$ cat input_38.pdb   # PDB, C-alpha atoms and all ligand atoms
ATOM      1  CA  MET A   1      11.626 190.089-201.061  1.00  0.00           C
ATOM      2  CA  ILE A   2      11.994 193.711-200.014  1.00  0.00           C
ATOM      3  CA  ALA A   3      10.346 196.374-202.124  1.00  0.00           C
ATOM      4  CA  GLN A   4      12.708 199.182-203.005  1.00  0.00           C
ATOM      5  CA  ARG A   5      12.246 202.869-203.530  1.00  0.00           C
ATOM      6  CA  TRP A   6      13.050 204.008-207.050  1.00  0.00           C
ATOM      7  CA  LYS A   7      13.683 207.682-207.673  1.00  0.00           C
ATOM      8  CA  CYS A   8      13.301 209.199-211.142  1.00  0.00           C
ATOM      9  CA  SER A   9      16.507 211.127-211.759  1.00  0.00           C
ATOM     10  CA  ASP A  10      14.660 213.414-214.233  1.00  0.00           C
ATOM     11  CA  CYS A  11      11.715 214.643-212.124  1.00  0.00           C
ATOM     12  CA  GLY A  12      12.259 213.176-208.626  1.00  0.00           C
ATOM     13  CA  TYR A  13       9.131 210.997-208.659  1.00  0.00           C
ATOM     14  CA  VAL A  14       9.525 208.056-206.236  1.00  0.00           C
ATOM     15  CA  ALA A  15       8.017 204.651-207.070  1.00  0.00           C
ATOM     16  CA  VAL A  16       7.963 201.694-204.658  1.00  0.00           C
ATOM     17  CA  GLY A  17       8.280 198.113-205.908  1.00  0.00           C
ATOM     18  CA  LEU A  18      10.632 195.294-206.678  1.00  0.00           C
ATOM     19  CA  PHE A  19      11.468 196.875-210.042  1.00  0.00           C
ATOM     20  CA  PRO A  20      11.112 200.439-211.333  1.00  0.00           C
ATOM     21  CA  PRO A  21       8.030 201.204-213.489  1.00  0.00           C
ATOM     22  CA  GLU A  22       8.298 200.908-217.298  1.00  0.00           C
ATOM     23  CA  ARG A  23       7.776 204.650-217.619  1.00  0.00           C
ATOM     24  CA  CYS A  24       7.738 207.424-215.051  1.00  0.00           C
ATOM     25  CA  PRO A  25       4.054 208.225-214.355  1.00  0.00           C
ATOM     26  CA  LYS A  26       4.968 211.901-213.838  1.00  0.00           C
ATOM     27  CA  CYS A  27       7.389 212.816-216.634  1.00  0.00           C
ATOM     28  CA  GLN A  28       6.982 209.724-218.869  1.00  0.00           C
ATOM     29  CA  CYS A  29      10.724 209.134-219.119  1.00  0.00           C
ATOM     30  CA  ASN A  30      12.193 205.652-219.593  1.00  0.00           C
ATOM     31  CA  ARG A  31      12.683 203.130-216.748  1.00  0.00           C
ATOM     32  CA  THR A  32      16.495 203.519-216.988  1.00  0.00           C
ATOM     33  CA  ALA A  33      16.175 206.965-215.361  1.00  0.00           C
ATOM     34  CA  PHE A  34      15.108 205.320-212.074  1.00  0.00           C
ATOM     35  CA  LYS A  35      17.801 204.814-209.433  1.00  0.00           C
ATOM     36  CA  THR A  36      17.346 202.906-206.159  1.00  0.00           C
ATOM     37  CA  GLU A  37      16.987 204.887-202.999  1.00  0.00           C
ATOM     38  CA  HIS A  38      17.973 203.323-199.694  1.00  0.00           C
ATOM     39  CA  GLU A  39      14.749 202.742-197.882  1.00  0.00           C
ATOM     40  CA  TYR A  40      16.207 201.993-194.458  1.00  0.00           C
ATOM     41  CA  LYS A  41      18.669 204.844-193.993  1.00  0.00           C
ATOM     42  CA  PHE A  42      18.638 205.919-190.346  1.00  0.00           C
ATOM     43  CA  PRO A  43      17.620 209.480-189.386  1.00  0.00           C
ATOM     44  CA  PRO A  44      20.337 211.823-187.966  1.00  0.00           C
ATOM     45  CA  GLU A  45      19.015 211.569-184.379  1.00  0.00           C
ATOM     46  CA  GLU A  46      19.876 207.868-184.365  1.00  0.00           C
ATOM     47  CA  ILE A  47      23.537 208.330-185.239  1.00  0.00           C
ATOM     48  CA  GLU A  48      24.881 207.934-181.695  1.00  0.00           C
ATOM     49  CA  ALA A  49      22.896 204.730-181.134  1.00  0.00           C
ATOM     50  CA  VAL A  50      24.151 203.357-184.456  1.00  0.00           C
ATOM     51  CA  ILE A  51      27.766 204.157-183.581  1.00  0.00           C
ATOM     52  CA  ALA A  52      27.338 202.584-180.114  1.00  0.00           C
ATOM     53  CA  ALA A  53      25.948 199.410-181.708  1.00  0.00           C
ATOM     54  CA  CYS A  54      28.856 199.273-184.184  1.00  0.00           C
ATOM     55  CA  TRP A  55      31.271 199.470-181.230  1.00  0.00           C
ATOM     56  CA  LYS A  56      29.646 196.341-179.787  1.00  0.00           C
ATOM     57  CA  VAL A  57      30.760 194.287-182.809  1.00  0.00           C
ATOM     58  CA  SER A  58      33.770 192.174-181.723  1.00  0.00           C
ATOM     59  CA  TYR A  59      37.042 191.927-183.639  1.00  0.00           C
ATOM     60  CA  GLY A  60      40.517 190.548-183.177  1.00  0.00           C
ATOM     61  CA  LEU A  61      43.676 192.441-184.109  1.00  0.00           C
ATOM     62  CA  TYR A  62      46.236 191.258-186.637  1.00  0.00           C
ATOM     63  CA  MET A  63      49.323 192.352-188.498  1.00  0.00           C
ATOM     64  CA  VAL A  64      48.473 191.629-192.135  1.00  0.00           C
ATOM     65  CA  SER A  65      51.503 191.483-194.402  1.00  0.00           C
ATOM     66  CA  SER A  66      52.341 190.982-198.041  1.00  0.00           C
ATOM     67  CA  ILE A  67      55.249 191.215-200.484  1.00  0.00           C
ATOM     68  CA  LYS A  68      56.102 192.844-203.790  1.00  0.00           C
ATOM     69  CA  ASN A  69      59.298 192.595-205.864  1.00  0.00           C
ATOM     70  CA  GLY A  70      61.322 191.260-202.935  1.00  0.00           C
ATOM     71  CA  LYS A  71      60.024 193.954-200.546  1.00  0.00           C
ATOM     72  CA  MET A  72      57.717 193.370-197.572  1.00  0.00           C
ATOM     73  CA  ASN A  73      55.091 195.496-195.876  1.00  0.00           C
ATOM     74  CA  GLY A  74      52.431 195.084-193.237  1.00  0.00           C
ATOM     75  CA  GLN A  75      49.623 196.917-191.485  1.00  0.00           C
ATOM     76  CA  ILE A  76      47.266 196.463-188.578  1.00  0.00           C
ATOM     77  CA  CYS A  77      43.882 195.041-189.464  1.00  0.00           C
ATOM     78  CA  ASN A  78      40.842 194.329-187.327  1.00  0.00           C
ATOM     79  CA  THR A  79      38.600 193.383-190.247  1.00  0.00           C
ATOM     80  CA  LEU A  80      39.734 189.784-190.656  1.00  0.00           C
ATOM     81  CA  PHE A  81      37.657 186.666-190.226  1.00  0.00           C
ATOM     82  CA  GLN A  82      37.401 183.098-191.394  1.00  0.00           C
ATOM     83  CA  ILE A  83      34.564 183.355-193.896  1.00  0.00           C
ATOM     84  CA  THR A  84      34.267 179.625-194.723  1.00  0.00           C
ATOM     85  CA  SER A  85      35.742 176.538-193.078  1.00  0.00           C
ATOM     86  CA  ASP A  86      35.271 174.129-195.990  1.00  0.00           C
ATOM     87  CA  PRO A  87      37.123 175.250-198.030  1.00  0.00           C
ATOM     88  CA  PRO A  88      39.153 177.169-195.417  1.00  0.00           C
ATOM     89  CA  ARG A  89      39.106 180.842-196.445  1.00  0.00           C
ATOM     90  CA  MET A  90      39.880 184.161-194.788  1.00  0.00           C
ATOM     91  CA  ALA A  91      38.408 187.554-195.636  1.00  0.00           C
ATOM     92  CA  ILE A  92      40.107 190.886-194.868  1.00  0.00           C
ATOM     93  CA  GLY A  93      39.084 194.509-195.394  1.00  0.00           C
ATOM     94  CA  ILE A  94      41.974 196.645-196.632  1.00  0.00           C
ATOM     95  CA  SER A  95      41.885 200.340-197.578  1.00  0.00           C
ATOM     96  CA  HIS A  96      42.669 201.151-201.214  1.00  0.00           C
ATOM     97  CA  GLN A  97      45.138 203.757-199.966  1.00  0.00           C
ATOM     98  CA  ASN A  98      47.353 201.344-198.045  1.00  0.00           C
ATOM     99  CA  LEU A  99      50.684 200.101-199.307  1.00  0.00           C
ATOM    100  CA  THR A 100      49.653 196.651-198.091  1.00  0.00           C
ATOM    101  CA  HIS A 101      46.715 196.779-200.545  1.00  0.00           C
ATOM    102  CA  GLU A 102      49.143 197.463-203.395  1.00  0.00           C
ATOM    103  CA  TYR A 103      51.352 194.530-202.309  1.00  0.00           C
ATOM    104  CA  ILE A 104      48.442 192.071-201.993  1.00  0.00           C
ATOM    105  CA  ASP A 105      47.195 193.109-205.443  1.00  0.00           C
ATOM    106  CA  ALA A 106      50.651 192.527-206.905  1.00  0.00           C
ATOM    107  CA  SER A 107      51.726 189.256-205.259  1.00  0.00           C
ATOM    108  CA  GLU A 108      48.282 187.725-204.596  1.00  0.00           C
ATOM    109  CA  VAL A 109      49.378 186.421-201.200  1.00  0.00           C
ATOM    110  CA  PHE A 110      48.962 187.693-197.646  1.00  0.00           C
ATOM    111  CA  ALA A 111      49.628 186.526-194.108  1.00  0.00           C
ATOM    112  CA  ALA A 112      48.089 187.483-190.779  1.00  0.00           C
ATOM    113  CA  SER A 113      50.138 187.395-187.585  1.00  0.00           C
ATOM    114  CA  ILE A 114      47.746 186.929-184.668  1.00  0.00           C
ATOM    115  CA  LEU A 115      48.722 189.443-181.997  1.00  0.00           C
ATOM    116  CA  GLY A 116      49.022 188.688-178.299  1.00  0.00           C
ATOM    117  CA  ARG A 117      47.666 191.091-175.666  1.00  0.00           C
ATOM    118  CA  ASP A 118      51.135 192.437-174.941  1.00  0.00           C
ATOM    119  CA  GLN A 119      51.771 193.550-178.539  1.00  0.00           C
ATOM    120  CA  GLN A 120      50.502 197.118-178.276  1.00  0.00           C
ATOM    121  CA  ARG A 121      53.856 198.300-179.600  1.00  0.00           C
ATOM    122  CA  ILE A 122      53.294 196.374-182.837  1.00  0.00           C
ATOM    123  CA  VAL A 123      49.912 198.074-183.272  1.00  0.00           C
ATOM    124  CA  ARG A 124      51.510 201.487-182.829  1.00  0.00           C
ATOM    125  CA  ARG A 125      54.265 200.683-185.306  1.00  0.00           C
ATOM    126  CA  PHE A 126      52.160 199.054-188.037  1.00  0.00           C
ATOM    127  CA  GLY A 127      48.808 200.762-187.598  1.00  0.00           C
ATOM    128  CA  TYR A 128      49.331 204.507-187.889  1.00  0.00           C
ATOM    129  CA  ARG A 129      51.924 205.234-190.565  1.00  0.00           C
ATOM    130  CA  SER A 130      52.401 203.827-194.024  1.00  0.00           C
ATOM    131  CA  GLY A 131      55.285 201.654-195.134  1.00  0.00           C
ATOM    132  CA  ARG A 132      55.753 204.318-197.837  1.00  0.00           C
ATOM    133  CA  GLU A 133      57.284 206.484-195.080  1.00  0.00           C
ATOM    134  CA  PHE A 134      59.586 204.007-193.317  1.00  0.00           C
ATOM    135  CA  ASP A 135      60.602 200.345-193.133  1.00  0.00           C
ATOM    136  CA  LYS A 136      58.181 198.927-190.574  1.00  0.00           C
ATOM    137  CA  PHE A 137      60.078 195.649-190.302  1.00  0.00           C
ATOM    138  CA  LYS A 138      63.456 197.161-189.428  1.00  0.00           C
ATOM    139  CA  GLY A 139      64.558 195.503-186.169  1.00  0.00           C
ATOM    140  CA  ILE A 140      61.404 193.375-185.916  1.00  0.00           C
ATOM    141  CA  PRO A 141      62.064 189.596-185.858  1.00  0.00           C
ATOM    142  CA  VAL A 142      60.114 187.899-188.662  1.00  0.00           C
ATOM    143  CA  GLY A 143      60.180 184.600-190.468  1.00  0.00           C
ATOM    144  CA  THR A 144      58.549 183.339-193.638  1.00  0.00           C
ATOM    145  CA  ARG A 145      56.723 180.116-194.453  1.00  0.00           C
ATOM    146  CA  ARG A 146      54.951 179.010-197.625  1.00  0.00           C
ATOM    147  CA  THR A 147      53.938 182.312-199.254  1.00  0.00           C
ATOM    148  CA  GLY A 148      57.043 184.333-198.396  1.00  0.00           C
ATOM    149  CA  CYS A 149      54.980 186.916-196.493  1.00  0.00           C
ATOM    150  CA  PRO A 150      56.624 188.078-193.252  1.00  0.00           C
ATOM    151  CA  ILE A 151      55.233 186.608-190.030  1.00  0.00           C
ATOM    152  CA  LEU A 152      56.047 188.070-186.614  1.00  0.00           C
ATOM    153  CA  GLU A 153      58.107 185.675-184.537  1.00  0.00           C
ATOM    154  CA  ASP A 154      56.531 187.076-181.360  1.00  0.00           C
ATOM    155  CA  ALA A 155      52.948 186.589-182.575  1.00  0.00           C
ATOM    156  CA  ILE A 156      50.820 183.934-180.938  1.00  0.00           C
ATOM    157  CA  GLY A 157      50.131 182.338-184.304  1.00  0.00           C
ATOM    158  CA  TYR A 158      49.573 183.005-187.984  1.00  0.00           C
ATOM    159  CA  VAL A 159      47.630 182.071-191.089  1.00  0.00           C
ATOM    160  CA  GLU A 160      48.756 182.655-194.629  1.00  0.00           C
ATOM    161  CA  CYS A 161      46.600 182.831-197.728  1.00  0.00           C
ATOM    162  CA  ALA A 162      46.642 182.763-201.508  1.00  0.00           C
ATOM    163  CA  LEU A 163      44.321 185.414-202.914  1.00  0.00           C
ATOM    164  CA  LEU A 164      41.167 184.312-204.733  1.00  0.00           C
ATOM    165  CA  GLY A 165      41.129 187.331-207.012  1.00  0.00           C
ATOM    166  CA  ASP A 166      37.712 186.582-208.523  1.00  0.00           C
ATOM    167  CA  LEU A 167      36.176 187.003-205.070  1.00  0.00           C
ATOM    168  CA  THR A 168      37.620 190.476-204.352  1.00  0.00           C
ATOM    169  CA  VAL A 169      34.838 192.966-203.616  1.00  0.00           C
ATOM    170  CA  ASP A 170      35.222 196.721-203.975  1.00  0.00           C
ATOM    171  CA  ALA A 171      33.494 197.985-200.831  1.00  0.00           C
ATOM    172  CA  GLY A 172      34.076 201.673-201.618  1.00  0.00           C
ATOM    173  CA  THR A 173      37.029 202.871-199.553  1.00  0.00           C
ATOM    174  CA  HIS A 174      38.224 199.298-198.915  1.00  0.00           C
ATOM    175  CA  SER A 175      38.631 196.050-200.825  1.00  0.00           C
ATOM    176  CA  ILE A 176      37.404 192.848-199.296  1.00  0.00           C
ATOM    177  CA  PHE A 177      40.046 190.287-200.178  1.00  0.00           C
ATOM    178  CA  VAL A 178      39.257 186.591-199.838  1.00  0.00           C
ATOM    179  CA  GLY A 179      42.139 184.130-199.604  1.00  0.00           C
ATOM    180  CA  GLU A 180      42.431 180.370-199.516  1.00  0.00           C
ATOM    181  CA  ILE A 181      44.281 179.404-196.309  1.00  0.00           C
ATOM    182  CA  VAL A 182      47.498 177.671-197.398  1.00  0.00           C
ATOM    183  CA  GLY A 183      49.266 177.516-194.039  1.00  0.00           C
ATOM    184  CA  GLY A 184      49.016 178.400-190.364  1.00  0.00           C
ATOM    185  CA  GLY A 185      50.109 177.517-186.873  1.00  0.00           C
ATOM    186  CA  VAL A 186      50.092 178.477-183.190  1.00  0.00           C
ATOM    187  CA  PHE A 187      53.368 179.601-181.562  1.00  0.00           C
ATOM    188  CA  LYS A 188      52.111 180.042-177.993  1.00  0.00           C
ATOM    189  CA  ASN A 189      48.866 179.328-176.204  1.00  0.00           C
ATOM    190  CA  GLU A 190      48.036 182.839-175.034  1.00  0.00           C
ATOM    191  CA  GLU A 191      44.991 185.069-175.204  1.00  0.00           C
ATOM    192  CA  PRO A 192      44.813 186.918-178.521  1.00  0.00           C
ATOM    193  CA  MET A 193      44.505 190.697-178.574  1.00  0.00           C
ATOM    194  CA  THR A 194      41.034 192.022-179.342  1.00  0.00           C
ATOM    195  CA  TYR A 195      40.169 195.377-180.831  1.00  0.00           C
ATOM    196  CA  GLU A 196      38.285 196.239-177.645  1.00  0.00           C
ATOM    197  CA  TYR A 197      41.191 195.267-175.370  1.00  0.00           C
ATOM    198  CA  TYR A 198      43.594 197.379-177.444  1.00  0.00           C
ATOM    199  CA  HIS A 199      41.364 200.440-177.090  1.00  0.00           C
ATOM    200  CA  GLN A 200      40.834 199.882-173.353  1.00  0.00           C
ATOM    201  CA  MET A 201      44.592 199.758-172.781  1.00  0.00           C
ATOM    202  CA  LYS A 202      45.230 202.707-175.094  1.00  0.00           C
ATOM    203  CA  ASP A 203      42.610 204.869-173.386  1.00  0.00           C
ATOM    204  CA  SER A 204      43.890 203.990-169.909  1.00  0.00           C
ATOM    205  CA  GLY A 205      47.321 205.267-171.002  1.00  0.00           C
TER     206      GLY A 205
HETATM  207  C1  LIG A 301      43.434 199.268-184.256  1.00  0.00           C
HETATM  208  C2  LIG A 301      43.595 199.473-185.746  1.00  0.00           C
HETATM  209  C3  LIG A 301      42.818 198.720-186.640  1.00  0.00           C
HETATM  210  C4  LIG A 301      42.957 198.900-188.034  1.00  0.00           C
HETATM  211  N1  LIG A 301      42.197 198.145-188.887  1.00  0.00           N
HETATM  212  C5  LIG A 301      42.324 198.319-190.229  1.00  0.00           C
HETATM  213  C6  LIG A 301      41.590 197.502-191.130  1.00  0.00           C
HETATM  214  O1  LIG A 301      40.847 196.600-190.732  1.00  0.00           O
HETATM  215  N2  LIG A 301      41.740 197.736-192.464  1.00  0.00           N
HETATM  216  C7  LIG A 301      42.555 198.729-192.954  1.00  0.00           C
HETATM  217  O2  LIG A 301      42.662 198.893-194.164  1.00  0.00           O
HETATM  218  N3  LIG A 301      43.266 199.525-192.108  1.00  0.00           N
HETATM  219  C8  LIG A 301      43.179 199.320-190.774  1.00  0.00           C
HETATM  220  N4  LIG A 301      43.938 200.083-189.917  1.00  0.00           N
HETATM  221  C9  LIG A 301      44.771 201.158-190.465  1.00  0.00           C
HETATM  222  C10 LIG A 301      46.092 200.668-191.089  1.00  0.00           C
HETATM  223  O3  LIG A 301      46.763 199.754-190.246  1.00  0.00           O
HETATM  224  C11 LIG A 301      46.986 201.900-191.343  1.00  0.00           C
HETATM  225  O4  LIG A 301      46.331 202.769-192.230  1.00  0.00           O
HETATM  226  C12 LIG A 301      48.375 201.571-191.848  1.00  0.00           C
HETATM  227  O5  LIG A 301      49.202 202.678-191.601  1.00  0.00           O
HETATM  228  C13 LIG A 301      48.438 201.233-193.332  1.00  0.00           C
HETATM  229  O6  LIG A 301      49.787 200.945-193.626  1.00  0.00           O
HETATM  230  P1  LIG A 301      50.398 200.695-195.081  1.00  0.00           P
HETATM  231  O7  LIG A 301      50.129 201.901-195.935  1.00  0.00           O
HETATM  232  O8  LIG A 301      51.866 200.526-194.784  1.00  0.00           O
HETATM  233  O9  LIG A 301      49.788 199.456-195.648  1.00  0.00           O
HETATM  234  C14 LIG A 301      43.852 199.878-188.538  1.00  0.00           C
HETATM  235  C15 LIG A 301      44.639 200.621-187.638  1.00  0.00           C
HETATM  236  C16 LIG A 301      44.518 200.409-186.265  1.00  0.00           C
HETATM  237  C17 LIG A 301      45.369 201.226-185.324  1.00  0.00           C
END
$ encode --input "input_38.pdb" --output "structure tokens"
Amino acid sequence: MIAQRWKCSDCGYVAVGLFPPERCPKCQCNRTAFKTEHEYKFPPEEIEAVIAACWKVSYGLYMVSSIKNGKMNGQICNTLFQITSDPPRMAIGISHQNLTHEYIDASEVFAASILGRDQQRIVRRFGYRSGREFDKFKGIPVGTRRTGCPILEDAIGYVECALLGDLTVDAGTHSIFVGEIVGGGVFKNEEPMTYEYYHQMKDSG
């Protein structure tokens, strides 16, 4: 167990322990005034090292889509992974501000088209502007399977999921949605796009 730092919000006194003290030894206020303080926050001089380490975390790149009232929308997402294999479940991190978030909330289904390395154009189309501004799917060949969410015909494969709403986590700016995998398949045996590969190609023009 890790001891935490507890800061008295009345007088600033800091106590260390698993739980806050019954009463503040300095101002005698009640235990409820104590709030946790993050003990392991890194100092400002470490910020570049922390960012560099975060860049070493590997991700794939996907077009995550959903539906609402007969309409479809999708966005680019790197924060997708299979969180459990038995039962088979996917987790995705989606910003509260995105139209795709609104659609997943409403329909409780989502699909992920797994992008190939040549699908930079799809990233540019789905990853930088909201579907509130234009129809991202206009002219893009898509099909649907079990959930009705659009799946890119040119993707190298897909999975589709039914949302497990009880497992949604509010991570601040983003929700972590967890979905039961209800379908999936591979269209072509090619290398999937990674987040790193996309940025390498983008930076090399
Ligand atoms: C390479 C790349 C990765 C992205 N990864 C995510 C992600 O994991 N989660 C997220 O919410 N947005 C992510 N985005 C941003 C969304 O794709 C973007 O905000 C999109 O315009 C939202 O569209 P919407 O409002 O139509 O849903 C990413 C964008 C790019 C270019």
$ atom_distance --input "input_38.pdb" --atom1 "atom CA of Arg145 of chain A" --atom2 "atom CA of Leu163 of chain A"
15.9 Å
$ resolve_selection --input "input_38.pdb" --expression "the PyMOL selection byres (((chain A and resi 82) around 10) and not hetatm)" --output "PyMOL selection string"
chain A and resi 80-81+83-85+88-92+178-181
$ residues_around --input "input_38.pdb" --residues "Asn30 of chain A" --least-positions-apart "3" --cutoff "12 Å" --atoms "all atoms listed in the file" --output "number ranges by chain"
A: 8-11, 20-27, 33-35
$ closest_residue --input "input_38.pdb" --among "A:Ser95, A:Ser58, A:Ser107, A:Ser65" --to "Tyr197 of chain A" --atoms "only C-alpha atoms"
A:Ser58
$ closest_residue --input "input_38.pdb" --among "A:Val16, A:Ile104, A:Ile51, A:Cys29" --to "Asn73 of chain A" --atoms "only C-alpha atoms"
A:Ile104
$ build_atoms --input "input_38.pdb" --residues "segment 8-31 of chain A" --atoms "N, CA and C atoms" --output "mmCIF file, in the coordinates of the input"
data_model
loop_
_atom_site.group_PDB
_atom_site.id
_atom_site.type_symbol
_atom_site.label_atom_id
_atom_site.label_comp_id
_atom_site.auth_asym_id
_atom_site.auth_seq_id
_atom_site.Cartn_x
_atom_site.Cartn_y
_atom_site.Cartn_z
ATOM 1 N N CYS A 8 13.076 208.764 -209.765
ATOM 2 C CA CYS A 8 13.301 209.199 -211.142
ATOM 3 C C CYS A 8 14.339 210.322 -211.117
ATOM 4 N N SER A 9 15.454 210.103 -211.810
ATOM 5 C CA SER A 9 16.507 211.127 -211.759
ATOM 6 C C SER A 9 16.156 212.345 -212.609
ATOM 7 N N ASP A 10 15.078 212.258 -213.432
ATOM 8 C CA ASP A 10 14.660 213.414 -214.233
ATOM 9 C C ASP A 10 13.743 214.349 -213.457
ATOM 10 N N CYS A 11 12.694 213.760 -212.782
ATOM 11 C CA CYS A 11 11.715 214.643 -212.124
ATOM 12 C C CYS A 11 11.609 214.427 -210.615
ATOM 13 N N GLY A 12 12.294 213.399 -210.072
ATOM 14 C CA GLY A 12 12.259 213.176 -208.626
ATOM 15 C C GLY A 12 11.117 212.303 -208.155
ATOM 16 N N TYR A 13 10.262 211.873 -209.047
ATOM 17 C CA TYR A 13 9.131 210.997 -208.659
ATOM 18 C C TYR A 13 9.679 209.714 -208.016
ATOM 19 N N VAL A 14 9.055 209.275 -206.906
ATOM 20 C CA VAL A 14 9.525 208.056 -206.236
ATOM 21 C C VAL A 14 8.476 206.956 -206.393
ATOM 22 N N ALA A 15 8.901 205.816 -206.928
ATOM 23 C CA ALA A 15 8.017 204.651 -207.070
ATOM 24 C C ALA A 15 8.510 203.563 -206.119
ATOM 25 N N VAL A 16 7.567 202.779 -205.555
ATOM 26 C CA VAL A 16 7.963 201.694 -204.658
ATOM 27 C C VAL A 16 7.607 200.358 -205.310
ATOM 28 N N GLY A 17 8.534 199.433 -205.307
ATOM 29 C CA GLY A 17 8.280 198.113 -205.908
ATOM 30 C C GLY A 17 9.571 197.343 -206.044
ATOM 31 N N LEU A 18 9.442 196.111 -206.488
ATOM 32 C CA LEU A 18 10.632 195.294 -206.678
ATOM 33 C C LEU A 18 11.480 195.832 -207.821
ATOM 34 N N PHE A 19 10.799 196.303 -208.872
ATOM 35 C CA PHE A 19 11.468 196.875 -210.042
ATOM 36 C C PHE A 19 10.909 198.276 -210.294
ATOM 37 N N PRO A 20 11.657 199.115 -211.000
ATOM 38 C CA PRO A 20 11.112 200.439 -211.333
ATOM 39 C C PRO A 20 10.015 200.296 -212.392
ATOM 40 N N PRO A 21 9.090 201.289 -212.472
ATOM 41 C CA PRO A 21 8.030 201.204 -213.489
ATOM 42 C C PRO A 21 8.609 201.333 -214.899
ATOM 43 N N GLU A 22 7.869 200.819 -215.882
ATOM 44 C CA GLU A 22 8.298 200.908 -217.298
ATOM 45 C C GLU A 22 8.602 202.349 -217.686
ATOM 46 N N ARG A 23 7.633 203.220 -217.332
ATOM 47 C CA ARG A 23 7.776 204.650 -217.619
ATOM 48 C C ARG A 23 7.452 205.433 -216.359
ATOM 49 N N CYS A 24 8.051 206.593 -216.215
ATOM 50 C CA CYS A 24 7.738 207.424 -215.051
ATOM 51 C C CYS A 24 6.326 207.982 -215.212
ATOM 52 N N PRO A 25 5.420 207.732 -214.217
ATOM 53 C CA PRO A 25 4.054 208.225 -214.355
ATOM 54 C C PRO A 25 3.969 209.746 -214.389
ATOM 55 N N LYS A 26 5.017 210.435 -213.894
ATOM 56 C CA LYS A 26 4.968 211.901 -213.838
ATOM 57 C C LYS A 26 5.536 212.531 -215.113
ATOM 58 N N CYS A 27 6.759 212.131 -215.489
ATOM 59 C CA CYS A 27 7.389 212.816 -216.634
ATOM 60 C C CYS A 27 7.511 211.916 -217.872
ATOM 61 N N GLN A 28 7.038 210.668 -217.736
ATOM 62 C CA GLN A 28 6.982 209.724 -218.869
ATOM 63 C C GLN A 28 8.354 209.275 -219.375
ATOM 64 N N CYS A 29 9.412 209.554 -218.616
ATOM 65 C CA CYS A 29 10.724 209.134 -219.119
ATOM 66 C C CYS A 29 10.890 207.624 -218.955
ATOM 67 N N ASN A 30 11.947 207.094 -219.569
ATOM 68 C CA ASN A 30 12.193 205.652 -219.593
ATOM 69 C C ASN A 30 12.584 205.093 -218.216
ATOM 70 N N ARG A 31 12.378 203.799 -218.025
ATOM 71 C CA ARG A 31 12.683 203.130 -216.748
ATOM 72 C C ARG A 31 14.150 203.290 -216.326
#
